[in-house]
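Visitor: I am sharing start_13.cif, which consists of mmCIF, C-alpha atoms and all ligand atoms:
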data_upload
#
loop_
_atom_site.label_atom_id
_atom_site.label_comp_id
_atom_site.auth_asym_id
_atom_site.auth_seq_id
_atom_site.Cartn_x
_atom_site.Cartn_y
_atom_site.Cartn_z
CA MET A 68 -54.93 -6.35 12.07
CA LYS A 69 -54.60 -2.80 10.81
CA THR A 70 -51.17 -1.19 11.10
CA SER A 71 -50.56 2.53 11.17
CA ASN A 72 -48.61 4.24 8.30
CA SER A 73 -47.50 7.19 10.47
CA PRO A 74 -43.76 7.11 11.40
CA GLY A 75 -42.85 6.13 14.92
CA PRO A 76 -41.00 8.42 17.32
CA VAL A 77 -37.69 6.61 16.75
CA PHE A 78 -37.91 7.19 13.02
CA VAL A 79 -38.73 10.92 13.50
CA TRP A 80 -35.80 11.26 15.92
CA ALA A 81 -33.42 9.61 13.44
CA VAL A 82 -34.54 11.82 10.55
CA THR A 83 -34.28 14.98 12.67
CA ARG A 84 -30.79 14.03 13.79
CA CYS A 85 -29.70 13.30 10.25
CA VAL A 86 -31.01 16.66 8.97
CA CYS A 87 -29.22 18.48 11.82
CA ALA A 88 -25.94 16.71 11.06
CA ILE A 89 -26.13 17.62 7.37
CA ALA A 90 -26.95 21.24 8.22
CA LEU A 91 -23.96 21.35 10.57
CA MET A 92 -21.65 19.91 7.89
CA VAL A 93 -22.80 22.50 5.35
CA LEU A 94 -22.39 25.31 7.87
CA THR A 95 -18.91 24.13 8.87
CA ALA A 96 -17.79 23.83 5.25
CA PHE A 97 -19.11 27.32 4.52
CA THR A 98 -17.40 28.83 7.57
CA THR A 99 -14.05 27.12 6.86
CA GLU A 100 -14.21 28.28 3.28
CA GLY A 101 -14.89 31.81 4.46
CA GLN A 102 -11.94 31.77 6.85
CA ASP A 103 -9.62 30.48 4.19
CA LYS A 104 -10.68 33.12 1.72
CA GLU A 105 -10.70 36.07 4.09
CA PRO A 106 -8.05 35.34 6.69
CA TRP A 107 -6.93 38.91 7.41
CA HIS A 108 -9.50 40.59 9.65
CA THR A 109 -12.16 39.16 7.33
CA LYS A 110 -10.30 40.61 4.34
CA LYS A 111 -8.48 38.82 1.53
CA CYS A 112 -4.99 40.10 2.21
CA ALA A 113 -2.94 42.41 4.43
CA VAL A 114 -0.69 45.23 3.26
CA ALA A 115 1.90 47.01 5.40
CA LEU A 116 3.35 50.30 4.21
CA THR A 117 6.86 50.67 5.65
CA TYR A 118 9.25 53.58 5.15
CA ASP A 119 12.90 53.32 6.16
CA ASP A 120 15.63 55.66 7.34
CA ALA A 121 13.79 58.69 8.77
CA LEU A 122 13.64 60.76 5.60
CA ASN A 123 12.24 64.28 5.37
CA VAL A 124 10.08 63.18 2.42
CA HIS A 125 8.29 60.74 4.71
CA LEU A 126 7.21 63.61 6.93
CA ASP A 127 6.52 66.02 4.08
CA ASN A 128 5.11 63.76 1.34
CA VAL A 129 4.02 60.45 2.80
CA VAL A 130 2.39 61.18 6.17
CA PRO A 131 -0.04 63.82 4.79
CA LEU A 132 -1.15 61.42 2.05
CA LEU A 133 -1.59 58.47 4.44
CA ASP A 134 -3.54 60.70 6.82
CA SER A 135 -5.82 61.91 4.02
CA LEU A 136 -6.66 58.29 3.14
CA GLY A 137 -6.97 57.09 6.73
CA PHE A 138 -4.04 54.65 6.45
CA LYS A 139 -1.46 54.01 9.17
CA GLY A 140 2.12 53.26 8.16
CA THR A 141 5.31 52.12 9.87
CA PHE A 142 8.34 54.40 9.85
CA TYR A 143 11.60 52.63 10.66
CA LEU A 144 13.76 55.30 12.25
CA SER A 145 17.51 55.39 12.74
CA ALA A 146 18.11 58.00 15.40
CA SER A 147 21.43 59.29 14.08
CA PHE A 148 20.03 60.25 10.68
CA PRO A 149 19.43 63.98 10.15
CA GLY A 150 15.80 63.44 9.18
CA PHE A 151 15.30 62.15 12.70
CA SER A 152 17.49 64.39 14.84
CA ALA A 153 16.37 67.64 13.17
CA ARG A 154 12.67 66.78 13.28
CA VAL A 155 11.97 64.95 16.51
CA SER A 156 8.83 66.96 17.24
CA ASP A 157 7.44 66.04 13.81
CA TRP A 158 7.99 62.33 14.52
CA ILE A 159 6.16 62.74 17.84
CA SER A 160 3.28 64.22 15.88
CA VAL A 161 3.40 61.26 13.46
CA SER A 162 3.07 58.79 16.34
CA LYS A 163 0.14 60.76 17.78
CA ARG A 164 -1.68 60.32 14.47
CA GLY A 165 -1.51 56.54 14.86
CA HIS A 166 1.51 55.61 12.77
CA GLU A 167 4.13 53.24 14.15
CA LEU A 168 7.60 54.47 14.95
CA GLY A 169 9.62 51.35 14.22
CA ASN A 170 13.13 50.61 15.47
CA HIS A 171 15.90 50.73 12.85
CA THR A 172 18.76 51.12 15.41
CA LEU A 173 20.67 54.26 16.41
CA PHE A 174 23.48 54.18 13.82
CA HIS A 175 22.16 51.88 11.08
CA PRO A 176 25.09 49.42 11.21
CA CYS A 177 25.47 47.12 8.19
CA GLU A 178 28.08 44.67 6.99
CA GLY A 179 30.46 46.92 5.08
CA SER A 180 32.37 44.36 3.04
CA LEU A 181 29.44 43.38 0.81
CA PRO A 182 29.17 44.78 -2.74
CA GLY A 183 27.63 48.25 -2.87
CA ARG A 184 28.27 48.92 0.82
CA GLU A 185 31.09 51.43 0.40
CA TRP A 186 28.96 53.97 2.27
CA VAL A 187 29.16 51.97 5.54
CA LYS A 188 31.48 53.79 7.95
CA PRO A 189 34.14 51.60 9.62
CA ASP A 190 32.80 52.51 13.07
CA TYR A 191 29.39 51.12 12.09
CA ASP A 192 30.44 48.02 10.21
CA LEU A 193 28.38 45.15 11.62
CA LYS A 194 31.23 42.77 10.90
CA LYS A 195 33.16 44.57 13.65
CA TYR A 196 30.25 44.66 16.10
CA THR A 197 29.64 42.12 18.83
CA VAL A 198 26.15 40.74 19.39
CA GLY A 199 26.15 42.47 22.78
CA ARG A 200 26.93 45.85 21.26
CA MET A 201 24.20 45.45 18.65
CA VAL A 202 21.61 44.40 21.23
CA ASP A 203 22.57 47.36 23.47
CA GLU A 204 22.22 49.74 20.53
CA ILE A 205 18.83 48.34 19.56
CA ARG A 206 17.55 48.53 23.15
CA MET A 207 18.72 52.14 23.48
CA ALA A 208 16.84 52.95 20.27
CA ASN A 209 13.73 51.39 21.85
CA THR A 210 14.18 53.58 24.94
CA LEU A 211 14.53 56.65 22.75
CA LEU A 212 11.43 55.82 20.70
CA GLN A 213 9.47 55.19 23.89
CA THR A 214 10.23 58.74 25.01
CA LEU A 215 8.62 59.89 21.76
CA ASP A 216 5.50 57.75 21.65
CA GLY A 217 5.17 56.21 25.13
CA LYS A 218 4.85 52.76 23.61
CA THR A 219 6.49 49.51 24.73
CA GLU A 220 5.32 47.45 21.75
CA ARG A 221 6.79 47.97 18.29
CA THR A 222 8.59 46.15 15.48
CA PHE A 223 12.16 46.18 14.22
CA ALA A 224 13.66 46.37 10.74
CA TYR A 225 17.09 44.77 10.20
CA PRO A 226 19.38 47.46 8.72
CA CYS A 227 20.32 46.31 5.21
CA GLY A 228 18.55 43.07 6.10
CA ASP A 229 21.72 41.95 7.94
CA MET A 230 21.04 39.63 10.86
CA LYS A 231 24.59 39.02 12.11
CA ALA A 232 26.95 41.05 14.29
CA GLY A 233 30.49 39.81 13.76
CA ASP A 234 29.86 36.22 12.73
CA SER A 235 26.90 35.53 15.01
CA SER A 236 23.18 36.07 14.58
CA TYR A 237 21.63 38.62 16.92
CA VAL A 238 18.06 37.68 16.02
CA GLU A 239 17.37 35.47 19.03
CA LYS A 240 18.69 38.08 21.47
CA ILE A 241 16.14 40.72 20.42
CA ARG A 242 13.04 38.55 20.13
CA ALA A 243 11.73 39.58 23.54
CA ASP A 244 12.15 43.27 22.68
CA PHE A 245 9.78 43.26 19.70
CA LEU A 246 6.48 41.83 18.52
CA GLY A 247 8.09 41.15 15.16
CA ALA A 248 10.82 42.11 12.72
CA ARG A 249 10.93 42.92 9.02
CA GLY A 250 13.56 41.53 6.68
CA VAL A 251 14.25 42.46 3.08
CA GLU A 252 13.51 39.24 1.22
CA GLY A 253 10.87 39.82 -1.47
CA LYS A 254 8.28 37.23 -0.51
CA MET A 255 4.57 37.28 0.21
CA GLN A 256 3.28 34.63 2.55
CA LYS A 257 0.02 33.30 3.93
CA LEU A 258 -0.84 33.74 7.59
CA ASP A 259 0.33 30.27 8.62
CA GLU A 260 3.65 30.54 6.72
CA ILE A 261 5.00 33.73 8.30
CA ASP A 262 8.02 33.85 10.61
CA VAL A 263 7.12 36.99 12.53
CA TYR A 264 10.83 37.73 13.15
CA ASP A 265 11.68 37.54 9.46
CA VAL A 266 8.74 39.07 7.64
CA GLY A 267 9.41 39.43 3.92
CA ALA A 268 9.21 42.80 2.17
CA TYR A 269 9.27 44.15 -1.37
CA MET A 270 11.91 46.83 -1.83
CA VAL A 271 10.52 49.61 -3.96
CA ASN A 272 12.92 51.28 -6.39
CA GLY A 273 11.62 52.80 -9.59
CA GLN A 274 8.54 50.62 -10.03
CA SER A 275 5.52 52.14 -11.71
CA GLY A 276 2.21 52.49 -9.94
CA ASP A 277 0.84 49.68 -12.09
CA GLU A 278 3.69 47.36 -11.08
CA LEU A 279 3.04 48.08 -7.41
CA ILE A 280 -0.68 47.46 -7.93
CA ARG A 281 0.13 44.12 -9.58
CA LEU A 282 1.83 43.04 -6.33
CA VAL A 283 -1.27 44.02 -4.36
CA LYS A 284 -3.49 42.02 -6.73
CA GLU A 285 -1.16 39.03 -6.33
CA ALA A 286 -1.45 39.30 -2.53
CA MET A 287 -5.25 39.40 -2.84
CA ALA A 288 -5.24 36.29 -5.03
CA LYS A 289 -2.86 34.45 -2.67
CA HIS A 290 -4.54 35.66 0.56
CA ALA A 291 -1.10 36.76 1.64
CA LEU A 292 0.68 39.49 3.57
CA LEU A 293 2.39 42.06 1.35
CA VAL A 294 4.90 44.44 2.93
CA PHE A 295 6.13 47.39 0.89
CA LEU A 296 9.59 48.71 1.79
CA PHE A 297 9.99 52.31 0.70
CA HIS A 298 12.95 54.66 1.04
CA GLY A 299 12.69 57.81 -1.08
CA VAL A 300 9.18 58.88 -2.07
CA GLY A 301 9.58 61.78 -4.46
CA GLY A 302 13.36 61.90 -3.90
CA GLU A 303 15.94 62.17 -1.07
CA HIS A 304 17.28 58.62 -1.53
CA ALA A 305 18.92 56.56 -4.27
CA LEU A 306 16.17 53.96 -3.80
CA ASN A 307 13.13 55.92 -4.85
CA VAL A 308 9.56 55.86 -6.12
CA SER A 309 7.87 58.82 -7.74
CA LEU A 310 5.12 60.66 -5.92
CA ASP A 311 2.63 59.79 -8.67
CA ASP A 312 3.40 56.06 -8.67
CA HIS A 313 3.27 55.89 -4.87
CA ARG A 314 -0.03 57.79 -4.82
CA LYS A 315 -1.54 55.62 -7.55
CA MET A 316 -0.89 52.44 -5.55
CA LEU A 317 -2.31 53.98 -2.36
CA TYR A 318 -5.47 55.03 -4.21
CA PHE A 319 -5.84 51.44 -5.39
CA LEU A 320 -5.60 50.27 -1.78
CA LYS A 321 -8.29 52.79 -0.82
CA ASP A 322 -10.57 51.77 -3.69
CA ASN A 323 -10.27 48.12 -2.62
CA GLU A 324 -10.37 48.68 1.13
CA LYS A 325 -13.15 46.13 1.62
CA ASP A 326 -10.74 43.38 0.51
CA ILE A 327 -7.42 44.71 1.87
CA TRP A 328 -6.38 45.17 5.49
CA VAL A 329 -3.87 48.04 5.58
CA ALA A 330 -2.16 48.24 8.96
CA PRO A 331 1.14 49.11 10.63
CA MET A 332 3.60 46.26 11.10
CA VAL A 333 3.02 46.16 14.86
CA GLU A 334 -0.68 45.43 14.34
CA ILE A 335 0.03 42.81 11.71
CA ALA A 336 2.68 41.17 13.93
CA LYS A 337 0.16 40.96 16.79
CA TYR A 338 -2.38 39.35 14.47
CA VAL A 339 0.14 36.83 13.12
CA ARG A 340 1.29 35.92 16.65
CA GLU A 341 -2.31 35.23 17.68
CA ARG A 342 -3.38 33.30 14.60
CA GLY A 343 -0.33 32.27 12.58
CA LYS A 344 2.42 29.72 13.21
CA SER A 345 4.72 31.98 15.29
ZN ZN B 401 17.75 51.33 6.47
#
What's the structure tokens form of this structure?
Guide:
Amino acid sequence: MKTSNSPGPVFVWAVTRCVCAIALMVLTAFTTEGQDKEPWHTKKCAVALTYDDALNVHLDNVVPLLDSLGFKGTFYLSASFPGFSARVSDWISVSKRGHELGNHTLFHPCEGSLPGREWVKPDYDLKKYTVGRMVDEIRMANTLLQTLDGKTERTFAYPCGDMKAGDSSYVEKIRADFLGARGVEGKMQKLDEIDVYDVGAYMVNGQSGDELIRLVKEAMAKHALLVFLFHGVGGEHALNVSLDDHRKMLYFLKDNEKDIWVAPMVEIAKYVRERGKS
């Protein structure tokens, strides 16, 4: 009796199913690989440009440069500083151009007894604050900033990186008031490692443009978030970076924009809250 060599329907079904399963495995592996390599809005890393203490140089030197490159920064404002009180209308204009006005309190209280803190006035020594007083001050700063930009979502920067009023942490008490908060510890972390209420930052003081670019390259290699913490840019503060070095790093960011997500802290905090561990 002659038997047919053509495969039966069960065999065809099995082969088809096997091929589909393999294709799915390859596709999944490819997609997972892609996510791992480009976790920040499909880019390799994220960079936040943050500028502290409401300096005139931020308005005069930094904002025009960021605007010319299409970057949005975060400006952590302390309302009692002269660069804020004398130039409120300029800060309103900064917010209208898409930059974040971040909360850095009203009076910039810090723990005065630590080395190098001789400049802290006794009235604004965090060691003498209560948690309640600190929270009230921070919330009033939020109200003030809202009158400038109309926004209810923003981030906070711990003055001097201090997280205690008196002997108690105030961090938990302000969580509901912010999408995130920036610390001062020099660390770059991956998306799933970030505590959004203690985001690390690299304090810039005297580094060359090449040194700043090296940090960006490291963030790209690690697929990490890199937060720059600037004070003076071309002067006005003891912690300072030159205009040329600052500009050089920003041009590098622009030249590598396809791999680097540059965004204000509030946008990055939102992204981390949606996709990270927090
Ligand atoms: Zn500060």
Visitor: Enumerate as a PDB file with C-alpha atoms, keeping the file's coordinate frame the residues within 8 Å of ligand ZN 401 (chain B), counting all atoms listed in the file.
Guide:
ATOM      1  CA  ASP A 119      12.900  53.320   6.160  1.00  0.00           C
ATOM      2  CA  ASP A 120      15.630  55.660   7.340  1.00  0.00           C
ATOM      3  CA  TYR A 143      11.600  52.630  10.660  1.00  0.00           C
ATOM      4  CA  SER A 145      17.510  55.390  12.740  1.00  0.00           C
ATOM      5  CA  HIS A 171      15.900  50.730  12.850  1.00  0.00           C
ATOM      6  CA  HIS A 175      22.160  51.880  11.080  1.00  0.00           C
ATOM      7  CA  ALA A 224      13.660  46.370  10.740  1.00  0.00           C
ATOM      8  CA  TYR A 225      17.090  44.770  10.200  1.00  0.00           C
ATOM      9  CA  PRO A 226      19.380  47.460   8.720  1.00  0.00           C
ATOM     10  CA  CYS A 227      20.320  46.310   5.210  1.00  0.00           C
ATOM     11  CA  HIS A 298      12.950  54.660   1.040  1.00  0.00           C
TER      12      HIS A 298
END
Visitor: Would you mind listing what lies within 7 Å of Tyr264 in chain A as a VMD selection string, with all atoms listed in the file counted and same-chain residues fewer than 3 positions away left out?
Guide: chain A and resid 247 to 249
Visitor: Just the residues within 6 Å of range 215-223 of chain A, please, counting all atoms listed in the file, with nothing from its chain fewer than 2 positions along; format it as number ranges by chain.
Guide: A: 159, 162, 169-170, 212-213, 245-248, 333
Visitor: Which residue is closest to Asp265 in chain A? Choose from A:Leu320, A:Ala336, A:Gly150, A:Lys110 and count only C-alpha atoms.
Guide: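 For Asp265 in chain A, the nearest of the candidates is A:Ala336.
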Visitor: With all atoms listed in the file as the basis for distance, which of A:Leu258, A:Leu211, A:Glu303, A:Gly276 is at the shortest distance from Pro149 in chain A?
Guide: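 Going through A:Leu258, A:Leu211, A:Glu303, A:Gly276 one by one, the smallest distance to Pro149 in chain A is for A:Glu303.
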Visitor: So, counting all atoms listed in the file, which residue among A:Ala305, A:Ala291, A:Asp234, A:Leu132 is closest to Gln256 in chain A?
Guide: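 Result for the nearest residue to Gln256 in chain A: A:Ala291.
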Visitor: Ranking A:Ala286, A:Leu306, A:Val161, A:Ala146 by minimum distance to Leu133 in chain A and counting all atoms listed in the file, which one comes first?
Guide: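 Of A:Ala286, A:Leu306, A:Val161, A:Ala146, the one nearest Leu133 in chain A, counting all atoms listed in the file, is A:Val161.
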